[in-house]
>>> print(open('entry_27.csv').read())   # CSV, C-alpha atoms
chain,number,residue,atom,x,y,z
A,1,MET,CA,59.4,176.9,89.0
A,2,LYS,CA,61.1,176.4,92.4
A,3,LYS,CA,57.8,175.8,94.0
A,4,ILE,CA,56.8,173.2,91.4
A,5,LEU,CA,60.1,171.4,91.7
A,6,THR,CA,59.8,171.4,95.5
A,7,SER,CA,56.3,170.0,95.2
A,8,LEU,CA,57.4,167.3,92.8
A,9,LEU,CA,60.3,166.3,95.0
A,10,GLY,CA,57.9,166.1,98.0
A,11,LEU,CA,55.5,163.9,96.1
A,12,TYR,CA,58.3,161.6,95.1
A,13,ALA,CA,59.5,161.3,98.7
A,14,ILE,CA,56.0,160.5,99.9
A,15,THR,CA,55.6,157.9,97.1
A,16,ALA,CA,59.0,156.4,97.9
A,17,MET,CA,58.1,156.1,101.6
A,18,ALA,CA,54.7,154.6,100.8
A,19,GLN,CA,56.1,151.8,98.5
A,20,THR,CA,58.3,149.2,100.2
A,21,PRO,CA,60.7,147.0,98.3
A,22,ASN,CA,60.1,143.3,99.1
A,23,THR,CA,62.0,142.1,102.1
A,24,TYR,CA,63.6,139.4,100.0
A,25,ASN,CA,64.9,141.6,97.2
A,26,VAL,CA,68.6,141.2,96.5
A,27,GLY,CA,71.3,143.5,95.3
A,28,GLY,CA,69.4,146.7,95.9
A,29,LYS,CA,66.6,145.7,93.5
A,30,LEU,CA,63.5,147.9,93.9
A,31,TYR,CA,61.0,145.4,92.6
A,32,PRO,CA,58.8,143.6,93.7
A,33,GLN,CA,57.4,146.5,95.7
A,34,VAL,CA,54.6,146.3,98.3
A,35,ASN,CA,52.2,149.2,98.0
A,36,PRO,CA,50.2,151.0,100.7
A,37,ASP,CA,47.0,149.1,99.9
A,38,LYS,CA,49.0,145.8,100.1
A,39,SER,CA,49.0,145.2,96.4
A,40,VAL,CA,52.4,144.3,94.9
A,41,THR,CA,54.1,145.8,91.8
A,42,PHE,CA,56.4,143.5,89.9
A,43,GLN,CA,58.9,144.1,87.1
A,44,PHE,CA,60.6,141.5,85.0
A,45,THR,CA,63.1,142.1,82.1
A,46,ALA,CA,62.5,139.9,79.1
A,47,PRO,CA,62.9,141.9,75.8
A,48,SER,CA,62.5,138.9,73.5
A,49,ALA,CA,59.4,137.5,75.2
A,50,ASP,CA,56.0,137.7,73.6
A,51,LYS,CA,54.0,137.1,76.8
A,52,VAL,CA,54.9,137.2,80.5
A,53,VAL,CA,52.5,136.2,83.3
A,54,LEU,CA,52.9,136.7,87.0
A,55,ASN,CA,51.3,134.0,89.2
A,56,LEU,CA,50.6,135.1,92.8
A,57,GLY,CA,47.6,133.1,93.9
A,58,LYS,CA,46.2,133.7,90.4
A,59,ASP,CA,47.6,134.8,87.0
A,60,TYR,CA,48.2,138.4,86.1
A,61,GLU,CA,49.2,139.3,82.6
A,62,MET,CA,52.2,141.7,82.5
A,63,THR,CA,52.6,144.6,80.1
A,64,LYS,CA,55.8,145.4,78.3
A,65,ASP,CA,57.5,148.8,77.8
A,66,GLU,CA,59.8,150.0,75.1
A,67,LYS,CA,62.9,148.7,77.0
A,68,GLY,CA,61.5,145.2,77.3
A,69,VAL,CA,60.6,145.5,81.0
A,70,TRP,CA,57.3,143.8,81.9
A,71,SER,CA,55.3,145.1,84.8
A,72,VAL,CA,52.0,144.5,86.7
A,73,THR,CA,50.4,145.5,89.9
A,74,THR,CA,48.4,142.7,91.7
A,75,ASP,CA,45.2,142.9,93.7
A,76,PRO,CA,45.7,143.8,97.4
A,77,GLN,CA,47.1,140.7,99.2
A,78,VAL,CA,46.7,139.4,102.7
A,79,VAL,CA,49.6,140.0,105.0
A,80,GLY,CA,52.3,137.4,105.2
A,81,PHE,CA,54.6,135.2,103.1
A,82,HIS,CA,53.5,134.3,99.6
A,83,TYR,CA,55.3,132.2,96.9
A,84,TYR,CA,55.1,133.5,93.4
A,85,ALA,CA,56.4,132.6,89.9
A,86,VAL,CA,56.9,134.4,86.6
A,87,LYS,CA,55.7,132.5,83.6
A,88,VAL,CA,57.6,133.2,80.3
A,89,GLY,CA,56.2,131.4,77.4
A,90,GLY,CA,54.2,129.3,79.8
A,91,LEU,CA,57.2,128.1,81.8
A,92,GLY,CA,57.4,129.2,85.4
A,93,VAL,CA,60.7,130.7,86.4
A,94,ILE,CA,62.3,132.2,89.5
A,95,ASP,CA,62.5,135.9,89.7
A,96,PRO,CA,66.2,136.8,89.7
A,97,ALA,CA,65.4,140.0,91.7
A,98,GLY,CA,64.9,138.1,95.0
A,99,GLU,CA,65.9,135.3,97.3
A,100,VAL,CA,64.6,131.8,96.6
A,101,PHE,CA,62.9,129.4,99.1
A,102,TYR,CA,62.2,125.7,98.8
A,103,GLY,CA,58.4,125.4,98.7
A,104,THR,CA,55.7,124.0,96.4
A,105,SER,CA,58.1,121.1,95.7
A,106,LYS,CA,60.6,123.4,94.0
A,107,TRP,CA,62.8,126.5,94.6
A,108,SER,CA,60.4,129.4,94.4
A,109,SER,CA,60.4,133.2,94.6
A,110,ALA,CA,58.5,134.9,97.5
A,111,VAL,CA,57.1,138.2,98.6
A,112,GLU,CA,56.4,139.2,102.2
A,113,VAL,CA,53.4,141.5,102.6
A,114,PRO,CA,54.3,143.1,105.9
A,115,GLU,CA,52.1,143.3,109.0
A,116,ASP,CA,52.3,146.5,111.1
A,117,ALA,CA,55.3,146.7,113.3
A,118,VAL,CA,53.4,145.7,116.5
A,119,ALA,CA,51.9,142.6,114.9
A,120,ALA,CA,55.2,141.5,113.4
A,121,ASP,CA,57.2,142.2,116.6
A,122,TYR,CA,57.6,138.5,117.6
A,123,TYR,CA,59.3,137.4,114.4
A,124,THR,CA,61.4,140.6,113.9
A,125,PRO,CA,65.1,140.4,114.8
A,126,LYS,CA,66.1,143.0,117.5
A,127,GLN,CA,69.5,144.4,118.4
A,128,ASP,CA,68.9,144.1,122.2
A,129,VAL,CA,68.0,140.4,122.0
A,130,PRO,CA,70.7,137.7,122.1
A,131,GLN,CA,70.7,135.7,118.9
A,132,GLY,CA,70.8,131.9,118.9
A,133,ALA,CA,72.7,129.9,116.3
A,134,VAL,CA,71.4,127.8,113.4
A,135,ARG,CA,73.6,125.1,112.0
A,136,SER,CA,73.4,122.8,109.0
A,137,VAL,CA,74.3,119.3,110.2
A,138,ARG,CA,74.9,116.3,108.0
A,139,PHE,CA,74.4,112.8,109.1
A,140,TYR,CA,74.3,109.4,107.4
A,141,SER,CA,71.0,107.4,107.7
A,142,ASP,CA,71.3,103.7,107.6
A,143,VAL,CA,67.5,103.5,107.4
A,144,CYS,CA,67.4,105.6,104.2
A,145,LYS,CA,70.9,104.6,103.0
A,146,GLU,CA,71.9,108.2,102.2
A,147,TRP,CA,73.5,111.3,103.6
A,148,ARG,CA,71.0,113.7,105.0
A,149,ARG,CA,70.9,117.2,106.5
A,150,MET,CA,69.1,118.7,109.4
A,151,TYR,CA,69.0,122.2,110.8
A,152,VAL,CA,69.6,122.7,114.5
A,153,TYR,CA,68.9,125.8,116.5
A,154,THR,CA,70.6,126.4,119.8
A,155,PRO,CA,69.6,129.2,122.1
A,156,ALA,CA,71.9,132.2,122.6
A,157,GLU,CA,73.0,131.0,126.0
A,158,TYR,CA,74.0,127.5,124.9
A,159,TYR,CA,77.7,128.2,124.7
A,160,ASP,CA,77.7,130.6,127.6
A,161,ASN,CA,76.5,127.8,130.0
A,162,PRO,CA,78.7,124.8,129.2
A,163,GLU,CA,77.2,122.7,132.0
A,164,LYS,CA,73.5,123.3,131.2
A,165,ARG,CA,71.4,120.8,129.4
A,166,TYR,CA,68.4,121.7,127.3
A,167,PRO,CA,65.0,120.2,126.1
A,168,VAL,CA,64.5,119.6,122.4
A,169,LEU,CA,61.7,120.4,120.0
A,170,TYR,CA,61.5,118.3,116.8
A,171,LEU,CA,59.9,120.6,114.3
A,172,GLN,CA,58.6,119.5,110.9
A,173,HIS,CA,57.8,121.4,107.7
A,174,GLY,CA,54.8,120.8,105.4
A,175,GLY,CA,54.3,119.0,102.1
A,176,GLY,CA,56.5,120.3,99.2
A,177,GLU,CA,59.0,121.9,101.6
A,178,ASP,CA,62.1,120.8,103.4
A,179,GLU,CA,64.3,121.2,106.5
A,180,THR,CA,65.1,124.8,105.5
A,181,GLY,CA,61.4,126.0,105.7
A,182,TRP,CA,61.1,126.7,109.4
A,183,ILE,CA,64.2,128.9,109.4
A,184,PHE,CA,63.9,130.8,106.1
A,185,GLN,CA,60.1,131.0,105.7
A,186,GLY,CA,59.0,130.4,109.3
A,187,ARG,CA,61.7,132.5,111.1
A,188,ALA,CA,61.6,129.9,114.0
A,189,ASP,CA,65.0,131.0,115.3
A,190,VAL,CA,63.9,134.7,115.6
A,191,ILE,CA,60.6,133.7,117.2
A,192,LEU,CA,62.4,131.7,119.9
A,193,ASP,CA,65.2,134.3,120.4
A,194,ASN,CA,62.5,136.9,121.2
A,195,LEU,CA,60.4,134.5,123.4
A,196,ILE,CA,63.4,133.4,125.4
A,197,ALA,CA,64.6,136.9,125.9
A,198,GLU,CA,61.2,137.9,127.2
A,199,GLY,CA,61.0,134.9,129.5
A,200,LYS,CA,58.0,133.6,127.7
A,201,ALA,CA,59.6,130.3,126.6
A,202,GLU,CA,62.2,128.0,128.1
A,203,PRO,CA,65.5,127.9,126.3
A,204,MET,CA,65.4,124.9,124.0
A,205,ILE,CA,67.1,123.2,121.1
A,206,ILE,CA,65.1,122.9,117.9
A,207,VAL,CA,65.8,120.1,115.4
A,208,MET,CA,64.4,120.4,111.8
A,209,ASN,CA,64.5,117.5,109.4
A,210,SER,CA,63.2,116.8,106.0
A,211,GLY,CA,60.0,114.8,106.3
A,212,TYR,CA,60.7,113.1,103.0
A,213,ALA,CA,62.5,109.8,104.1
A,214,GLN,CA,62.2,106.6,102.1
A,215,VAL,CA,63.2,103.1,102.6
A,216,PRO,CA,65.4,102.3,99.6
A,217,GLY,CA,63.4,100.9,96.7
A,218,SER,CA,60.1,102.1,98.2
A,219,SER,CA,57.6,104.3,96.3
A,220,ASP,CA,56.4,105.9,99.6
A,221,SER,CA,58.1,109.2,100.2
A,222,PHE,CA,57.6,109.0,103.9
A,223,ASP,CA,57.8,105.4,105.0
A,224,ALA,CA,61.2,105.7,106.7
A,225,PHE,CA,60.5,108.9,108.6
A,226,GLU,CA,59.4,107.6,112.0
A,227,GLN,CA,62.1,105.0,112.1
A,228,MET,CA,64.8,107.5,111.1
A,229,ILE,CA,63.8,110.0,113.8
A,230,THR,CA,63.4,107.6,116.6
A,231,GLU,CA,66.3,105.2,115.9
A,232,GLU,CA,68.8,107.6,114.3
A,233,VAL,CA,68.1,111.3,114.8
A,234,ILE,CA,67.2,111.4,118.4
A,235,PRO,CA,70.2,109.3,119.5
A,236,PHE,CA,72.4,111.5,117.2
A,237,VAL,CA,71.1,114.7,118.7
A,238,ASP,CA,71.4,113.4,122.3
A,239,ALA,CA,75.0,112.4,121.7
A,240,ARG,CA,76.1,115.5,119.9
A,241,TYR,CA,74.2,118.2,121.9
A,242,ARG,CA,73.7,118.8,125.6
A,243,THR,CA,70.1,117.6,125.7
A,244,ILE,CA,68.0,116.4,128.6
A,245,ALA,CA,67.5,113.0,127.1
A,246,ASP,CA,64.1,111.9,128.4
A,247,ARG,CA,60.6,112.1,127.1
A,248,GLU,CA,59.6,114.9,129.5
A,249,HIS,CA,62.1,117.2,127.8
A,250,ARG,CA,61.3,116.2,124.2
A,251,ALA,CA,58.4,117.6,122.1
A,252,THR,CA,57.4,117.6,118.5
A,253,ALA,CA,55.3,119.7,116.2
A,254,GLY,CA,54.7,120.3,112.5
A,255,LEU,CA,52.6,122.1,110.0
A,256,SER,CA,50.2,120.6,107.5
A,257,TRP,CA,51.6,117.2,106.4
A,258,GLY,CA,54.3,117.8,109.1
A,259,ALA,CA,51.5,118.0,111.7
A,260,LYS,CA,50.4,114.5,110.7
A,261,GLN,CA,54.0,113.4,111.1
A,262,ALA,CA,54.3,115.1,114.5
A,263,TYR,CA,51.1,113.3,115.7
A,264,ASP,CA,52.4,110.0,114.3
A,265,LEU,CA,55.7,110.5,116.2
A,266,ALA,CA,54.3,111.6,119.5
A,267,LEU,CA,51.2,109.4,119.7
A,268,GLY,CA,52.8,106.4,118.1
A,269,TYR,CA,56.0,106.6,120.1
A,270,PRO,CA,55.0,108.1,123.5
A,271,GLN,CA,58.1,106.7,125.1
A,272,TYR,CA,60.0,109.5,123.2
A,273,PHE,CA,57.7,112.5,123.5
A,274,SER,CA,55.6,114.3,126.1
A,275,ALA,CA,54.2,117.2,124.0
A,276,VAL,CA,52.9,117.5,120.5
A,277,GLY,CA,51.6,120.4,118.3
A,278,GLY,CA,49.7,120.1,115.0
A,279,PHE,CA,49.5,123.3,113.0
A,280,SER,CA,46.9,123.1,110.1
A,281,GLY,CA,46.9,119.3,110.2
A,282,ILE,CA,44.6,116.5,111.4
A,283,ILE,CA,45.1,113.5,113.5
A,284,VAL,CA,44.8,110.8,110.9
A,285,VAL,CA,43.3,107.4,111.7
A,286,GLY,CA,43.5,104.7,109.1
A,287,GLU,CA,44.1,105.4,105.4
A,288,PHE,CA,44.9,109.1,104.7
A,289,GLY,CA,42.4,111.1,102.7
A,290,ARG,CA,40.3,114.2,102.9
A,291,SER,CA,37.1,112.2,103.2
A,292,ASN,CA,38.5,110.0,106.0
A,293,PRO,CA,36.6,110.8,109.2
A,294,GLY,CA,39.7,109.7,111.1
A,295,ILE,CA,39.7,110.9,114.7
A,296,MET,CA,36.0,112.1,114.5
A,297,ASP,CA,34.9,108.5,114.5
A,298,LYS,CA,34.5,107.3,118.1
A,299,THR,CA,35.4,103.7,117.5
A,300,LYS,CA,38.5,104.6,115.4
A,301,ARG,CA,39.4,107.3,117.9
A,302,LYS,CA,39.5,104.8,120.9
A,303,ALA,CA,41.6,102.3,118.9
A,304,ALA,CA,44.0,104.9,117.4
A,305,TYR,CA,47.7,104.6,118.2
A,306,ASN,CA,47.3,101.4,120.3
A,307,GLY,CA,44.5,102.9,122.3
A,308,ILE,CA,46.3,106.0,123.5
A,309,PHE,CA,43.0,108.0,123.7
A,310,ALA,CA,41.1,105.2,125.4
A,311,ASN,CA,42.3,106.2,128.9
A,312,PRO,CA,42.0,110.0,129.2
A,313,LYS,CA,43.5,110.2,132.7
A,314,GLN,CA,46.6,108.3,131.6
A,315,PHE,CA,46.9,110.5,128.4
A,316,ASN,CA,46.6,113.7,130.4
A,317,LYS,CA,49.3,112.4,132.8
A,318,ASP,CA,51.6,111.4,130.0
A,319,PHE,CA,51.2,114.4,127.7
A,320,SER,CA,51.8,117.9,129.1
A,321,VAL,CA,50.7,119.6,125.9
A,322,LEU,CA,48.4,118.6,123.0
A,323,PHE,CA,48.2,121.7,120.8
A,324,ILE,CA,45.8,121.9,117.9
A,325,ALA,CA,45.8,125.0,115.7
A,326,ASN,CA,45.0,126.5,112.3
A,327,GLY,CA,44.2,129.7,110.5
A,328,GLU,CA,40.7,131.2,110.7
A,329,ALA,CA,40.2,131.0,106.9
A,330,GLU,CA,41.0,127.2,107.0
A,331,GLY,CA,37.6,126.4,108.5
A,332,SER,CA,36.3,124.8,111.7
A,333,HIS,CA,37.4,121.1,111.3
A,334,LEU,CA,40.3,121.4,113.8
A,335,ALA,CA,38.2,123.3,116.3
A,336,ASP,CA,35.7,120.4,116.0
A,337,MET,CA,38.5,117.9,116.5
A,338,SER,CA,39.7,119.7,119.6
A,339,LYS,CA,36.1,119.8,121.0
A,340,THR,CA,35.6,116.1,120.3
A,341,LEU,CA,38.7,115.2,122.2
A,342,LYS,CA,37.8,117.5,125.1
A,343,LYS,CA,34.4,115.8,125.4
A,344,ASP,CA,36.3,112.5,125.8
A,345,GLY,CA,38.3,114.1,128.6
A,346,ILE,CA,41.5,114.5,126.5
A,347,LYS,CA,43.0,117.9,127.5
A,348,ASN,CA,44.2,120.0,124.6
A,349,THR,CA,44.8,123.6,123.7
A,350,PHE,CA,43.2,125.0,120.6
A,351,TYR,CA,44.5,128.1,118.8
A,352,GLN,CA,43.2,129.8,115.7
A,353,SER,CA,45.2,132.5,113.8
A,354,PRO,CA,43.0,135.4,113.0
A,355,GLU,CA,42.2,136.1,109.3
A,356,THR,CA,44.9,133.8,107.9
A,357,ALA,CA,44.8,130.6,105.8
A,358,HIS,CA,47.1,127.7,105.0
A,359,GLU,CA,50.2,129.8,105.0
A,360,TRP,CA,53.4,130.7,106.8
A,361,LEU,CA,52.0,133.6,108.9
A,362,THR,CA,49.5,131.1,110.4
A,363,TRP,CA,52.4,128.7,111.3
A,364,ARG,CA,54.6,131.5,112.7
A,365,ARG,CA,51.8,132.4,115.0
A,366,CYS,CA,51.2,128.8,115.9
A,367,LEU,CA,54.9,128.2,116.9
A,368,TYR,CA,54.8,131.5,118.9
A,369,ASN,CA,51.9,130.2,121.0
A,370,TYR,CA,53.0,126.5,121.2
A,371,ALA,CA,56.6,127.3,122.3
A,372,GLN,CA,55.2,129.2,125.3
A,373,LEU,CA,53.4,126.0,126.5
A,374,ILE,CA,56.1,123.3,126.3
A,375,PHE,CA,58.8,122.4,128.8
A,376,LYS,CA,57.2,124.4,131.6
A,377,LYS,CA,58.4,123.4,135.0
>>> encode(input="entry_27.csv", output="structure tokens")
Amino acid sequence: MKKILTSLLGLYAITAMAQTPNTYNVGGKLYPQVNPDKSVTFQFTAPSADKVVLNLGKDYEMTKDEKGVWSVTTDPQVVGFHYYAVKVGGLGVIDPAGEVFYGTSKWSSAVEVPEDAVAADYYTPKQDVPQGAVRSVRFYSDVCKEWRRMYVYTPAEYYDNPEKRYPVLYLQHGGGEDETGWIFQGRADVILDNLIAEGKAEPMIIVMNSGYAQVPGSSDSFDAFEQMITEEVIPFVDARYRTIADREHRATAGLSWGAKQAYDLALGYPQYFSAVGGFSGIIVVGEFGRSNPGIMDKTKRKAAYNGIFANPKQFNKDFSVLFIANGEAEGSHLADMSKTLKKDGIKNTFYQSPETAHEWLTWRRCLYNYAQLIFKK
């Protein structure tokens, strides 16, 4: 009997070690749990419900036990950050077992399917690495006629060197997300803390704004964005923080729709920026749309942004970095865009995240690589 009990305890210990509670679980909750094969097991308590469905990329019908607890194990998932929802009676709800994130145009639950420790090292907090600060900063926009909020990251050394000034990266989220995304989903502060500590990136300030900015009365969710950034946010940041307030020390980047916004800012207002990165987003010329050939059309390319690509020598002199990147599973369209620009003589760096798609792990990797290129002396 003692041997059987010992064996059972040993099996329980192995199983407990193999299954990992989701990084974002709250209050000691055990579920969701990530399994060794990267499938995820979910539980949801709803005794009165007739049907509960988990949506994680696709729908999974959950089964109910005698206590009213519904459960399901998904297919194996790719590593990284994934939004999910629990549908009760057809209505998608947040899982109370975990933290919530603003994504998919609403507050959503999420699960992190972990990479191995080596691969995740660059976005993992470390005790021996000085930690920067992230602040929520409110400001009034006369362009939008509303109070707004931005998140501002300052490097760990910012308050230790009161005379030192810093370059600034203006970093944008994607469609359906907001200014919280790069911190809570993207872990931008941790990525920069680690890079700066290793001497791989220059200490910098990062400013993260919501890309949704409207002129009052407009039906366009984005039509005030560029004016707000150039006329209000940049002066506000330069006045409030110890920045190096010139274009050589100002960069921008963004993911997906935020990549378009970053390109529009840098290429449309080169007097403000000297570096730009687009993660999983195209340089759009003319009316936006998936069928729009945009930058791939030579005539449109030469005319784009007041002819900024028409003189490659001047472009390469003015812009220290043009960074184009996406996930391997997203296809070759951005690689083609990079090659086309290079054929024109426009210097750019192309990066592709191995085995990832249109997702936060891709964009963490993009930021990790882009941050190492900008503001180099």
>>> closest_residue(input="entry_27.csv", among="A:Ile206, A:Leu169, A:Ala119, A:Ala188", to="A:Glu248", atoms="all atoms listed in the file")
A:Leu169
>>> closest_residue(input="entry_27.csv", among="A:Val237, A:Ala325, A:Ala275, A:Val26", to="A:Phe139", atoms="only C-alpha atoms")
A:Val237
>>> axis_aligned_box(input="entry_27.csv", around="stretch 19-29 of chain A", padding_each_side="3 Å", output="AutoDock Vina command-line options")
--center_x 63.7 --center_y 145.6 --center_z 97.8 --size_x 21.2 --size_y 18.4 --size_z 14.6
>>> atom_distance(input="entry_27.csv", atom1="atom CA of A:Tyr123", atom2="atom CA of A:Leu361")
9.9 Å
>>> residues_around(input="entry_27.csv", residues="A:Gly68", least_positions_apart="6", cutoff="7 Å", atoms="only C-alpha atoms", output="compact mmCIF listing (two decimals) with C-alpha atoms, in the coordinates of the input")
# COMPACT_ATOMS: atom_id res chain seq x y z
CA THR A 45 63.10 142.10 82.10
CA ALA A 46 62.50 139.90 79.10
CA PRO A 47 62.90 141.90 75.80
>>> build_atoms(input="entry_27.csv", residues="stretch 82-91 of chain A", atoms="all heavy atoms", output="short mmCIF file (atom, residue, chain, number, x, y, z; two decimals), in the frame of the given file")
data_model
loop_
_atom_site.label_atom_id
_atom_site.label_comp_id
_atom_site.auth_asym_id
_atom_site.auth_seq_id
_atom_site.Cartn_x
_atom_site.Cartn_y
_atom_site.Cartn_z
N HIS A 82 54.23 134.87 100.74
CA HIS A 82 53.50 134.30 99.60
C HIS A 82 54.55 133.88 98.52
O HIS A 82 55.38 134.69 98.10
CB HIS A 82 52.57 135.28 98.98
CG HIS A 82 51.59 135.86 99.95
ND1 HIS A 82 50.51 135.15 100.44
CD2 HIS A 82 51.54 137.08 100.56
CE1 HIS A 82 49.84 135.91 101.29
NE2 HIS A 82 50.45 137.07 101.38
N TYR A 83 54.46 132.62 98.05
CA TYR A 83 55.30 132.20 96.90
C TYR A 83 54.67 132.80 95.63
O TYR A 83 53.47 133.01 95.51
CB TYR A 83 55.20 130.66 96.77
CG TYR A 83 55.80 129.90 97.92
CD1 TYR A 83 54.99 129.10 98.74
CD2 TYR A 83 57.16 129.94 98.19
CE1 TYR A 83 55.52 128.37 99.79
CE2 TYR A 83 57.71 129.22 99.24
CZ TYR A 83 56.89 128.43 100.04
OH TYR A 83 57.41 127.72 101.08
N TYR A 84 55.54 133.07 94.67
CA TYR A 84 55.10 133.50 93.40
C TYR A 84 56.01 132.99 92.28
O TYR A 84 57.13 132.57 92.56
CB TYR A 84 54.93 135.04 93.28
CG TYR A 84 56.23 135.81 93.21
CD1 TYR A 84 56.83 136.12 91.99
CD2 TYR A 84 56.87 136.26 94.37
CE1 TYR A 84 58.02 136.84 91.92
CE2 TYR A 84 58.05 136.98 94.32
CZ TYR A 84 58.62 137.27 93.08
OH TYR A 84 59.81 137.98 93.03
N ALA A 85 55.54 133.04 91.03
CA ALA A 85 56.40 132.60 89.90
C ALA A 85 56.10 133.57 88.73
O ALA A 85 55.03 134.18 88.63
CB ALA A 85 56.06 131.20 89.49
N VAL A 86 57.08 133.69 87.85
CA VAL A 86 56.90 134.40 86.60
C VAL A 86 56.91 133.41 85.48
O VAL A 86 57.82 132.58 85.37
CB VAL A 86 58.07 135.44 86.40
CG1 VAL A 86 57.87 136.22 85.10
CG2 VAL A 86 58.15 136.41 87.57
N LYS A 87 55.86 133.46 84.66
CA LYS A 87 55.70 132.50 83.60
C LYS A 87 56.07 133.18 82.24
O LYS A 87 55.41 134.13 81.83
CB LYS A 87 54.32 131.92 83.54
CG LYS A 87 54.00 131.07 84.78
CD LYS A 87 52.73 130.28 84.63
CE LYS A 87 51.51 131.14 84.80
NZ LYS A 87 50.26 130.32 84.85
N VAL A 88 57.14 132.70 81.62
CA VAL A 88 57.60 133.20 80.30
C VAL A 88 57.38 132.12 79.29
O VAL A 88 57.98 131.06 79.39
CB VAL A 88 59.08 133.64 80.38
CG1 VAL A 88 59.51 134.23 79.05
CG2 VAL A 88 59.33 134.61 81.52
N GLY A 89 56.49 132.39 78.34
CA GLY A 89 56.20 131.40 77.40
C GLY A 89 55.53 130.14 77.99
O GLY A 89 55.69 129.02 77.50
N GLY A 90 54.83 130.36 79.12
CA GLY A 90 54.20 129.30 79.80
C GLY A 90 55.02 128.53 80.82
O GLY A 90 54.52 127.71 81.59
N LEU A 91 56.33 128.81 80.84
CA LEU A 91 57.20 128.10 81.80
C LEU A 91 57.44 129.01 82.99
O LEU A 91 57.85 130.18 82.90
CB LEU A 91 58.60 127.90 81.09
CG LEU A 91 59.70 127.31 81.98
CD1 LEU A 91 59.33 125.89 82.42
CD2 LEU A 91 61.04 127.31 81.25
#
